[in-house]
Amino acid sequence: MNHIHTPESDTPSKRSFLTSAQSVKLSQREQTICDFIASHSNEIIHMSITEMAEQCQTSEATLVRLSKKLGYKGFQALKISVAQDTIDPVKQFHESLSKDDSVPVIAHKIFCSYAQVLNATLDVLDFGHLETAADYISKADKVVFLAAGGSRNVADDAVNKLLRIGIAAYSYTDNNMQRMLLSILSEKDVAIAISHSGATLSTIEALALAHDTGARCITITNWGKSPILKYSDVSLFTSSSETLYKSEALSSRIAQLTVIDTLITILSFRNEARYYENLQKTRKALGDTKF
């Protein structure tokens, strides 16, 4: 399929979704999907690609192809464009803000919104799944974290915390290194995928590879239906809608970090003597590097 090239001033990130939809020749089915998006823009920005596919009675692959045909990198980029058309520019920084807010009001709103995200995450978190995930990790030979973008920072933090209590944990930025490690996992190992959208292709592919080896697969993702759940044995859900129209939101990271902190605390309580001894060893090793 040929892509329509547009000048820099008219790239999808700088023009409206409607302009994008009118700039290419669409099939009748594609036009129906675009009409649905245009008439349900406020709902679309809060849907996962799986939920959107169900609403339009189509496939996720069709939505991805349509997004690319319109000039977007993928469905998430299309949603961001729809949000830019729908949401006040100030609210794209944070949904509760207004232009007249003072510094104290801005601080209060942001702190309160993060507290709300944590409370909402607590409401959707399955405690049985937390316990199962802790069991998997405590018995694992290796724990491999899979993430991309902002979620990679969360994965690195999780690796740091698990290593401190003596659990062999890994997270690679190099795709080849990651794939080699994943290919030699077994049923004694655990793979943990972190993805707010649950639709990041590289993370899904990595988790699928781990799943094929028989490793236990855990996902930390936003509540709802998403493609990554297909390869998940245990899902730990967060509840943060901000990144549905903002590409880099801290609220989802805070929720993910808190879920991981909870998980590691449960682990530590399971075998306190063993993990405390390992913690003392790693503290000493790090202490020797400082004045």
# chains A, B, ... in the order shown; residues from 1 in each chain; ligands from 1
call {"tool": "residues_around", "arguments": {"residues": "stretch 157-166 of chain A", "least_positions_apart": "4", "cutoff": "7 Å", "atoms": "only C-alpha atoms", "output": "list in words"}}
result
Asn153, Tyr170, Ser171, Ile260, Tyr275, Tyr276, Asn278, Leu279 and Thr282 of chain A
call {"tool": "closest_residue", "arguments": {"among": "A:Thr62, A:Gln28, A:Ser41, A:Ser98", "to": "A:Ser16", "atoms": "only C-alpha atoms"}}
result
A:Ser41
call {"tool": "closest_residue", "arguments": {"among": "A:Met52, A:Leu130, A:Ala208, A:Ile194", "to": "A:Leu267", "atoms": "only C-alpha atoms"}}
result
A:Leu130
call {"tool": "residues_around", "arguments": {"residues": "A:Ile220", "least_positions_apart": "6", "cutoff": "9 Å", "atoms": "only C-alpha atoms", "output": "list of chain:residue names"}}
result
A:Ile192, A:Ala193, A:Ile194, A:Ser195, A:His196, A:Gly198, A:Val234, A:Ser235, A:Leu236, A:Phe237, A:Thr238, A:Gln256, A:Val259, A:Ile260
call {"tool": "write_last_selection", "arguments": {"atoms": "all heavy atoms", "output": "compact mmCIF listing (two decimals), in the first residue's frame"}}
result
# COMPACT_ATOMS: atom_id res chain seq x y z
N ILE A 192 8.62 -11.01 33.29
CA ILE A 192 7.66 -9.99 33.73
C ILE A 192 7.65 -8.86 32.71
O ILE A 192 8.65 -8.17 32.51
CB ILE A 192 8.04 -9.44 35.12
CG1 ILE A 192 8.09 -10.58 36.14
CG2 ILE A 192 7.03 -8.38 35.55
CD1 ILE A 192 8.50 -10.13 37.54
N ALA A 193 6.52 -8.69 32.04
CA ALA A 193 6.37 -7.64 31.04
C ALA A 193 5.67 -6.43 31.66
O ALA A 193 4.65 -6.58 32.33
CB ALA A 193 5.57 -8.15 29.85
N ILE A 194 6.24 -5.25 31.42
CA ILE A 194 5.66 -4.02 31.93
C ILE A 194 5.27 -3.15 30.74
O ILE A 194 6.12 -2.74 29.96
CB ILE A 194 6.65 -3.25 32.84
CG1 ILE A 194 7.15 -4.16 33.97
CG2 ILE A 194 5.99 -2.01 33.42
CD1 ILE A 194 8.24 -3.53 34.81
N SER A 195 3.98 -2.90 30.58
CA SER A 195 3.49 -2.10 29.45
C SER A 195 2.17 -1.46 29.83
O SER A 195 1.18 -2.16 30.07
CB SER A 195 3.31 -2.97 28.21
OG SER A 195 2.66 -2.25 27.18
N HIS A 196 2.14 -0.14 29.90
CA HIS A 196 0.90 0.54 30.28
C HIS A 196 -0.22 0.22 29.29
O HIS A 196 -1.32 -0.16 29.69
CB HIS A 196 1.11 2.05 30.35
CG HIS A 196 -0.17 2.81 30.58
ND1 HIS A 196 -0.75 2.90 31.82
CD2 HIS A 196 -1.00 3.45 29.72
CE1 HIS A 196 -1.88 3.60 31.72
NE2 HIS A 196 -2.05 3.94 30.46
N GLY A 198 -0.28 -2.20 27.07
CA GLY A 198 -0.44 -3.62 26.77
C GLY A 198 -0.42 -3.89 25.28
O GLY A 198 -0.78 -4.99 24.83
N VAL A 234 -0.30 -14.50 34.78
CA VAL A 234 -0.81 -13.69 35.89
C VAL A 234 -0.72 -12.22 35.49
O VAL A 234 0.31 -11.75 35.01
CB VAL A 234 0.03 -13.91 37.18
CG1 VAL A 234 -0.43 -12.95 38.27
CG2 VAL A 234 -0.11 -15.34 37.65
N SER A 235 -1.81 -11.49 35.69
CA SER A 235 -1.83 -10.06 35.34
C SER A 235 -2.02 -9.21 36.59
O SER A 235 -2.92 -9.46 37.38
CB SER A 235 -2.96 -9.78 34.34
OG SER A 235 -2.75 -10.48 33.14
N LEU A 236 -1.16 -8.22 36.74
CA LEU A 236 -1.25 -7.25 37.82
C LEU A 236 -1.63 -5.91 37.19
O LEU A 236 -0.83 -5.29 36.49
CB LEU A 236 0.08 -7.15 38.57
CG LEU A 236 0.62 -8.48 39.14
CD1 LEU A 236 1.99 -8.26 39.78
CD2 LEU A 236 -0.35 -9.08 40.14
N PHE A 237 -2.86 -5.49 37.43
CA PHE A 237 -3.38 -4.32 36.73
C PHE A 237 -3.13 -3.02 37.50
O PHE A 237 -3.21 -2.99 38.73
CB PHE A 237 -4.88 -4.46 36.48
CG PHE A 237 -5.22 -5.49 35.45
CD1 PHE A 237 -5.93 -6.63 35.79
CD2 PHE A 237 -4.84 -5.31 34.12
CE1 PHE A 237 -6.26 -7.58 34.83
CE2 PHE A 237 -5.16 -6.26 33.16
CZ PHE A 237 -5.87 -7.39 33.51
N THR A 238 -2.85 -1.96 36.73
CA THR A 238 -2.83 -0.61 37.27
C THR A 238 -4.07 0.11 36.74
O THR A 238 -4.79 -0.42 35.90
CB THR A 238 -1.56 0.14 36.84
OG1 THR A 238 -1.50 0.19 35.40
CG2 THR A 238 -0.31 -0.55 37.37
N GLN A 256 2.95 1.58 38.44
CA GLN A 256 3.75 0.39 38.17
C GLN A 256 4.80 0.17 39.27
O GLN A 256 4.99 -0.95 39.75
CB GLN A 256 4.44 0.52 36.81
CG GLN A 256 3.48 0.46 35.64
CD GLN A 256 4.12 0.93 34.34
OE1 GLN A 256 5.23 1.47 34.33
NE2 GLN A 256 3.40 0.75 33.24
N VAL A 259 3.16 -1.14 42.43
CA VAL A 259 2.82 -2.56 42.32
C VAL A 259 4.07 -3.42 42.55
O VAL A 259 4.04 -4.42 43.28
CB VAL A 259 2.19 -2.87 40.94
CG1 VAL A 259 2.11 -4.38 40.71
CG2 VAL A 259 0.81 -2.25 40.84
N ILE A 260 5.18 -3.02 41.95
CA ILE A 260 6.43 -3.77 42.11
C ILE A 260 6.92 -3.71 43.55
O ILE A 260 7.36 -4.73 44.11
CB ILE A 260 7.50 -3.26 41.13
CG1 ILE A 260 7.14 -3.71 39.71
CG2 ILE A 260 8.89 -3.76 41.52
CD1 ILE A 260 8.01 -3.13 38.64
call {"tool": "atom_distance", "arguments": {"atom1": "atom CA of A:Tyr172", "atom2": "atom CA of A:His211"}}
result
17.6 Å
call {"tool": "residues_around", "arguments": {"residues": "A:Lys225", "least_positions_apart": "2", "cutoff": "7 Å", "atoms": "only C-alpha atoms", "output": "PyMOL selection string"}}
result
chain A and resi 48+50-51
call {"tool": "write_last_selection", "arguments": {"atoms": "C-alpha atoms", "output": "mmCIF file, in the first residue's frame"}}
result
data_model
loop_
_atom_site.group_PDB
_atom_site.id
_atom_site.type_symbol
_atom_site.label_atom_id
_atom_site.label_comp_id
_atom_site.auth_asym_id
_atom_site.auth_seq_id
_atom_site.Cartn_x
_atom_site.Cartn_y
_atom_site.Cartn_z
ATOM 1 C CA SER A 48 -7.277 -0.100 24.274
ATOM 2 C CA THR A 50 -8.521 -4.617 21.708
ATOM 3 C CA GLU A 51 -11.569 -2.757 23.038
#
call {"tool": "atom_distance", "arguments": {"atom1": "atom CA of A:Asp85", "atom2": "atom CA of A:Ser197"}}
result
20.6 Å
call {"tool": "select_by_dssp", "arguments": {"residues": "stretch 34-183 of chain A", "states": "helix (DSSP H, G or I)", "output": "PyMOL selection string"}}
result
chain A and resi 34-39+41-44+49-56+60-69+75-86+89-92+103-124+127-139+151-164+175-183
call {"tool": "residues_around", "arguments": {"residues": "stretch 183-188 of chain A", "least_positions_apart": "4", "cutoff": "6 Å", "atoms": "only C-alpha atoms", "output": "PyMOL selection string"}}
result
chain A and resi 140-141+213-215
call {"tool": "write_last_selection", "arguments": {"atoms": "N, CA, C and O atoms", "output": "short mmCIF file (atom, residue, chain, number, x, y, z; two decimals), in the first residue's frame"}}
result
data_model
loop_
_atom_site.label_atom_id
_atom_site.label_comp_id
_atom_site.auth_asym_id
_atom_site.auth_seq_id
_atom_site.Cartn_x
_atom_site.Cartn_y
_atom_site.Cartn_z
N ALA A 140 11.85 -18.93 41.22
CA ALA A 140 12.47 -18.82 39.90
C ALA A 140 13.99 -18.89 39.97
O ALA A 140 14.61 -18.39 40.91
N ASP A 141 14.57 -19.50 38.94
CA ASP A 141 16.02 -19.45 38.78
C ASP A 141 16.44 -18.08 38.25
O ASP A 141 17.44 -17.51 38.67
N THR A 213 8.74 -20.84 25.79
CA THR A 213 9.74 -21.68 26.48
C THR A 213 9.16 -22.38 27.69
O THR A 213 9.81 -23.25 28.28
N GLY A 214 7.95 -21.99 28.10
CA GLY A 214 7.34 -22.57 29.29
C GLY A 214 7.56 -21.76 30.54
O GLY A 214 7.10 -22.14 31.63
N ALA A 215 8.26 -20.63 30.42
CA ALA A 215 8.48 -19.76 31.58
C ALA A 215 7.15 -19.19 32.07
O ALA A 215 6.22 -18.99 31.29
#
call {"tool": "residues_around", "arguments": {"residues": "A:Val124", "least_positions_apart": "2", "cutoff": "10 Å", "atoms": "only C-alpha atoms", "output": "number ranges by chain"}}
result
A: 119-122, 126-127, 222-224, 236-239
call {"tool": "write_last_selection", "arguments": {"atoms": "all heavy atoms", "output": "compact mmCIF listing (two decimals), in the first residue's frame"}}
result
# COMPACT_ATOMS: atom_id res chain seq x y z
N ASN A 119 -5.02 4.82 44.47
CA ASN A 119 -6.26 4.26 45.04
C ASN A 119 -7.04 3.46 43.99
O ASN A 119 -7.59 2.39 44.29
CB ASN A 119 -7.14 5.38 45.60
CG ASN A 119 -6.60 5.93 46.91
OD1 ASN A 119 -5.99 5.19 47.69
ND2 ASN A 119 -6.82 7.21 47.16
N ALA A 120 -7.08 3.98 42.77
CA ALA A 120 -7.78 3.28 41.69
C ALA A 120 -7.07 1.97 41.35
O ALA A 120 -7.71 0.95 41.06
CB ALA A 120 -7.87 4.17 40.45
N THR A 121 -5.73 2.00 41.39
CA THR A 121 -4.96 0.78 41.13
C THR A 121 -5.21 -0.25 42.22
O THR A 121 -5.37 -1.46 41.93
CB THR A 121 -3.45 1.11 41.06
OG1 THR A 121 -3.22 1.96 39.92
CG2 THR A 121 -2.61 -0.15 40.92
N LEU A 122 -5.30 0.19 43.45
CA LEU A 122 -5.58 -0.72 44.56
C LEU A 122 -6.93 -1.38 44.37
O LEU A 122 -7.12 -2.56 44.70
CB LEU A 122 -5.53 0.04 45.88
CG LEU A 122 -5.57 -0.78 47.17
CD1 LEU A 122 -4.39 -1.75 47.24
CD2 LEU A 122 -5.57 0.15 48.39
N ASP A 126 -5.63 -7.50 41.86
CA ASP A 126 -6.09 -8.80 42.36
C ASP A 126 -5.05 -9.33 43.35
O ASP A 126 -3.93 -9.65 42.97
CB ASP A 126 -6.25 -9.78 41.19
CG ASP A 126 -6.90 -11.09 41.60
OD1 ASP A 126 -6.42 -11.72 42.57
OD2 ASP A 126 -7.87 -11.50 40.94
N PHE A 127 -5.42 -9.44 44.63
CA PHE A 127 -4.47 -9.84 45.66
C PHE A 127 -4.06 -11.31 45.49
O PHE A 127 -2.93 -11.68 45.82
CB PHE A 127 -5.06 -9.61 47.05
CG PHE A 127 -5.41 -8.16 47.31
CD1 PHE A 127 -6.64 -7.83 47.85
CD2 PHE A 127 -4.52 -7.16 46.99
CE1 PHE A 127 -6.97 -6.49 48.08
CE2 PHE A 127 -4.84 -5.82 47.21
CZ PHE A 127 -6.07 -5.49 47.76
N ASN A 222 -2.12 -1.69 32.28
CA ASN A 222 -3.31 -0.97 32.70
C ASN A 222 -4.55 -1.86 32.58
O ASN A 222 -4.64 -2.71 31.70
CB ASN A 222 -3.51 0.29 31.85
CG ASN A 222 -4.28 1.35 32.57
OD1 ASN A 222 -3.95 1.71 33.70
ND2 ASN A 222 -5.32 1.88 31.96
N TRP A 223 -5.49 -1.64 33.47
CA TRP A 223 -6.69 -2.46 33.52
C TRP A 223 -7.46 -2.38 32.21
O TRP A 223 -7.63 -1.32 31.61
CB TRP A 223 -7.59 -1.99 34.67
CG TRP A 223 -8.80 -2.85 34.87
CD1 TRP A 223 -8.88 -4.00 35.60
CD2 TRP A 223 -10.10 -2.63 34.32
NE1 TRP A 223 -10.15 -4.51 35.53
CE2 TRP A 223 -10.92 -3.69 34.75
CE3 TRP A 223 -10.64 -1.65 33.49
CZ2 TRP A 223 -12.26 -3.79 34.39
CZ3 TRP A 223 -11.97 -1.75 33.11
CH2 TRP A 223 -12.76 -2.81 33.57
N GLY A 224 -7.94 -3.54 31.75
CA GLY A 224 -8.72 -3.59 30.52
C GLY A 224 -8.22 -4.69 29.61
O GLY A 224 -7.32 -5.45 29.96
N LEU A 236 -1.16 -8.22 36.74
CA LEU A 236 -1.25 -7.25 37.82
C LEU A 236 -1.63 -5.91 37.19
O LEU A 236 -0.83 -5.29 36.49
CB LEU A 236 0.08 -7.15 38.57
CG LEU A 236 0.62 -8.48 39.14
CD1 LEU A 236 1.99 -8.26 39.78
CD2 LEU A 236 -0.35 -9.08 40.14
N PHE A 237 -2.86 -5.49 37.43
CA PHE A 237 -3.38 -4.32 36.73
C PHE A 237 -3.13 -3.02 37.50
O PHE A 237 -3.21 -2.99 38.73
CB PHE A 237 -4.88 -4.46 36.48
CG PHE A 237 -5.22 -5.49 35.45
CD1 PHE A 237 -5.93 -6.63 35.79
CD2 PHE A 237 -4.84 -5.31 34.12
CE1 PHE A 237 -6.26 -7.58 34.83
CE2 PHE A 237 -5.16 -6.26 33.16
CZ PHE A 237 -5.87 -7.39 33.51
N THR A 238 -2.85 -1.96 36.73
CA THR A 238 -2.83 -0.61 37.27
C THR A 238 -4.07 0.11 36.74
O THR A 238 -4.79 -0.42 35.90
CB THR A 238 -1.56 0.14 36.84
OG1 THR A 238 -1.50 0.19 35.40
CG2 THR A 238 -0.31 -0.55 37.37
N SER A 239 -4.30 1.33 37.22
CA SER A 239 -5.44 2.10 36.74
C SER A 239 -5.02 3.55 36.57
O SER A 239 -5.02 4.33 37.51
CB SER A 239 -6.61 2.00 37.71
OG SER A 239 -7.72 2.72 37.22
call {"tool": "select_by_dssp", "arguments": {"residues": "stretch 99-207 of chain A", "states": "strand (DSSP E)", "output": "PyMOL selection string"}}
result
chain A and resi 143-147+169-170+190-195
call {"tool": "atom_distance", "arguments": {"atom1": "atom CA of A:Asp189", "atom2": "atom CA of A:Asp156"}}
result
18.1 Å
call {"tool": "closest_residue", "arguments": {"among": "A:Ala134, A:Lys230, A:Leu118, A:Ala155", "to": "A:Ser268", "atoms": "only C-alpha atoms"}}
result
A:Ala134
call {"tool": "residues_around", "arguments": {"residues": "A:Leu207", "least_positions_apart": "4", "cutoff": "10 Å", "atoms": "only C-alpha atoms", "output": "compact mmCIF listing (two decimals) with all heavy atoms, in the first residue's frame"}}
result
# COMPACT_ATOMS: atom_id res chain seq x y z
N VAL A 144 13.27 -12.24 34.35
CA VAL A 144 13.62 -11.35 33.24
C VAL A 144 12.50 -10.32 33.06
O VAL A 144 11.33 -10.68 32.93
CB VAL A 144 13.81 -12.13 31.93
CG1 VAL A 144 14.26 -11.18 30.81
CG2 VAL A 144 14.81 -13.25 32.11
N PHE A 145 12.89 -9.03 33.06
CA PHE A 145 11.92 -7.96 32.86
C PHE A 145 11.93 -7.51 31.41
O PHE A 145 12.99 -7.33 30.80
CB PHE A 145 12.22 -6.79 33.79
CG PHE A 145 11.82 -7.04 35.22
CD1 PHE A 145 12.72 -7.66 36.08
CD2 PHE A 145 10.57 -6.70 35.68
CE1 PHE A 145 12.35 -7.92 37.40
CE2 PHE A 145 10.19 -6.95 37.00
CZ PHE A 145 11.09 -7.56 37.86
N LEU A 146 10.74 -7.29 30.87
CA LEU A 146 10.56 -6.89 29.48
C LEU A 146 9.80 -5.57 29.45
O LEU A 146 8.70 -5.47 30.01
CB LEU A 146 9.77 -7.95 28.72
CG LEU A 146 10.23 -9.40 28.92
CD1 LEU A 146 9.23 -10.37 28.32
CD2 LEU A 146 11.61 -9.61 28.33
N ALA A 147 10.36 -4.56 28.82
CA ALA A 147 9.73 -3.25 28.81
C ALA A 147 10.33 -2.39 27.71
O ALA A 147 11.41 -2.68 27.19
CB ALA A 147 9.89 -2.56 30.17
N LEU A 182 15.93 -14.90 26.54
CA LEU A 182 14.58 -15.43 26.54
C LEU A 182 14.52 -16.84 25.92
O LEU A 182 13.75 -17.69 26.37
CB LEU A 182 13.63 -14.50 25.77
CG LEU A 182 13.35 -13.14 26.42
CD1 LEU A 182 12.52 -12.28 25.49
CD2 LEU A 182 12.66 -13.30 27.76
N ALA A 191 9.20 -14.44 33.41
CA ALA A 191 9.31 -13.23 32.60
C ALA A 191 8.23 -12.26 33.04
O ALA A 191 7.06 -12.65 33.18
CB ALA A 191 9.16 -13.56 31.12
N ILE A 192 8.62 -11.01 33.29
CA ILE A 192 7.66 -9.99 33.73
C ILE A 192 7.65 -8.86 32.71
O ILE A 192 8.65 -8.17 32.51
CB ILE A 192 8.04 -9.44 35.12
CG1 ILE A 192 8.09 -10.58 36.14
CG2 ILE A 192 7.03 -8.38 35.55
CD1 ILE A 192 8.50 -10.13 37.54
N ALA A 193 6.52 -8.69 32.04
CA ALA A 193 6.37 -7.64 31.04
C ALA A 193 5.67 -6.43 31.66
O ALA A 193 4.65 -6.58 32.33
CB ALA A 193 5.57 -8.15 29.85
N ILE A 194 6.24 -5.25 31.42
CA ILE A 194 5.66 -4.02 31.93
C ILE A 194 5.27 -3.15 30.74
O ILE A 194 6.12 -2.74 29.96
CB ILE A 194 6.65 -3.25 32.84
CG1 ILE A 194 7.15 -4.16 33.97
CG2 ILE A 194 5.99 -2.01 33.42
CD1 ILE A 194 8.24 -3.53 34.81
N LEU A 201 4.47 -3.51 20.70
CA LEU A 201 4.77 -4.70 19.91
C LEU A 201 6.03 -5.41 20.38
O LEU A 201 6.05 -6.64 20.52
CB LEU A 201 4.91 -4.32 18.43
CG LEU A 201 5.10 -5.49 17.45
CD1 LEU A 201 3.94 -6.47 17.55
CD2 LEU A 201 5.24 -4.96 16.03
N SER A 202 7.11 -4.67 20.66
CA SER A 202 8.37 -5.31 21.06
C SER A 202 8.21 -6.06 22.37
O SER A 202 8.77 -7.15 22.55
CB SER A 202 9.48 -4.26 21.19
OG SER A 202 9.16 -3.30 22.19
N THR A 203 7.42 -5.51 23.30
CA THR A 203 7.21 -6.17 24.59
C THR A 203 6.33 -7.40 24.42
O THR A 203 6.57 -8.44 25.05
CB THR A 203 6.58 -5.18 25.59
OG1 THR A 203 7.39 -4.00 25.68
CG2 THR A 203 6.47 -5.80 26.97
N HIS A 211 6.93 -17.07 26.74
CA HIS A 211 5.80 -17.97 26.94
C HIS A 211 6.02 -19.30 26.23
O HIS A 211 5.69 -20.38 26.76
CB HIS A 211 4.52 -17.30 26.43
CG HIS A 211 3.27 -18.05 26.69
ND1 HIS A 211 2.74 -18.94 25.80
CD2 HIS A 211 2.43 -18.04 27.77
CE1 HIS A 211 1.62 -19.45 26.29
NE2 HIS A 211 1.41 -18.92 27.48
N ASP A 212 6.61 -19.24 25.05
CA ASP A 212 6.86 -20.46 24.28
C ASP A 212 7.87 -21.39 24.94
O ASP A 212 7.87 -22.60 24.67
CB ASP A 212 7.35 -20.10 22.87
CG ASP A 212 6.23 -19.52 22.00
OD1 ASP A 212 5.05 -19.67 22.37
OD2 ASP A 212 6.56 -18.90 20.97
N ALA A 215 8.26 -20.63 30.42
CA ALA A 215 8.48 -19.76 31.58
C ALA A 215 7.15 -19.19 32.07
O ALA A 215 6.22 -18.99 31.29
CB ALA A 215 9.44 -18.62 31.21
N ARG A 216 7.08 -18.93 33.37
CA ARG A 216 5.90 -18.27 33.93
C ARG A 216 5.90 -16.81 33.47
O ARG A 216 6.92 -16.12 33.56
CB ARG A 216 5.94 -18.32 35.45
CG ARG A 216 5.95 -19.73 36.02
CD ARG A 216 4.62 -20.43 35.84
NE ARG A 216 4.54 -21.66 36.61
CZ ARG A 216 3.46 -22.43 36.64
NH1 ARG A 216 2.39 -22.11 35.94
NH2 ARG A 216 3.45 -23.54 37.36
N CYS A 217 4.77 -16.33 32.99
CA CYS A 217 4.69 -14.98 32.43
C CYS A 217 3.76 -14.09 33.25
O CYS A 217 2.59 -14.44 33.46
CB CYS A 217 4.23 -15.03 30.98
SG CYS A 217 5.41 -15.84 29.88
N ILE A 218 4.29 -12.97 33.70
CA ILE A 218 3.55 -12.01 34.51
C ILE A 218 3.48 -10.69 33.73
O ILE A 218 4.47 -10.28 33.13
CB ILE A 218 4.23 -11.77 35.86
CG1 ILE A 218 4.32 -13.08 36.66
CG2 ILE A 218 3.51 -10.70 36.67
CD1 ILE A 218 5.21 -12.98 37.89
N THR A 219 2.33 -10.04 33.73
CA THR A 219 2.22 -8.73 33.11
C THR A 219 1.81 -7.68 34.14
O THR A 219 1.01 -7.96 35.04
CB THR A 219 1.17 -8.71 31.97
OG1 THR A 219 -0.08 -9.20 32.47
CG2 THR A 219 1.62 -9.56 30.81
N ILE A 228 -1.41 -8.02 25.03
CA ILE A 228 -0.35 -8.69 25.80
C ILE A 228 -0.91 -9.75 26.74
O ILE A 228 -0.20 -10.69 27.12
CB ILE A 228 0.49 -7.66 26.58
CG1 ILE A 228 1.88 -8.23 26.88
CG2 ILE A 228 -0.22 -7.20 27.86
CD1 ILE A 228 2.86 -7.20 27.38
N LEU A 229 -2.18 -9.64 27.11
CA LEU A 229 -2.78 -10.58 28.05
C LEU A 229 -2.85 -12.00 27.49
O LEU A 229 -2.97 -12.96 28.24
CB LEU A 229 -4.17 -10.10 28.46
CG LEU A 229 -4.22 -8.76 29.20
CD1 LEU A 229 -5.67 -8.38 29.51
CD2 LEU A 229 -3.40 -8.81 30.47
N LYS A 230 -2.76 -12.11 26.18
CA LYS A 230 -2.79 -13.44 25.53
C LYS A 230 -1.65 -14.33 26.02
O LYS A 230 -1.79 -15.56 26.07
CB LYS A 230 -2.69 -13.25 24.01
CG LYS A 230 -2.64 -14.54 23.21
CD LYS A 230 -2.53 -14.25 21.72
CE LYS A 230 -2.45 -15.53 20.92
NZ LYS A 230 -2.32 -15.26 19.45
N TYR A 231 -0.53 -13.72 26.41
CA TYR A 231 0.65 -14.49 26.81
C TYR A 231 0.91 -14.42 28.31
O TYR A 231 1.98 -14.78 28.77
CB TYR A 231 1.87 -13.98 26.04
CG TYR A 231 1.68 -14.02 24.55
CD1 TYR A 231 1.42 -12.86 23.83
CD2 TYR A 231 1.73 -15.22 23.86
CE1 TYR A 231 1.23 -12.90 22.47
CE2 TYR A 231 1.53 -15.27 22.49
CZ TYR A 231 1.28 -14.10 21.80
OH TYR A 231 1.07 -14.14 20.44
N SER A 232 -0.06 -13.96 29.06
CA SER A 232 0.12 -13.74 30.50
C SER A 232 -0.50 -14.85 31.33
O SER A 232 -1.66 -15.21 31.12
CB SER A 232 -0.49 -12.39 30.89
OG SER A 232 -0.36 -12.16 32.27
call {"tool": "closest_residue", "arguments": {"among": "A:Ala255, A:Leu181, A:Val190, A:Ile106", "to": "A:Lys139", "atoms": "only C-alpha atoms"}}
result
A:Val190
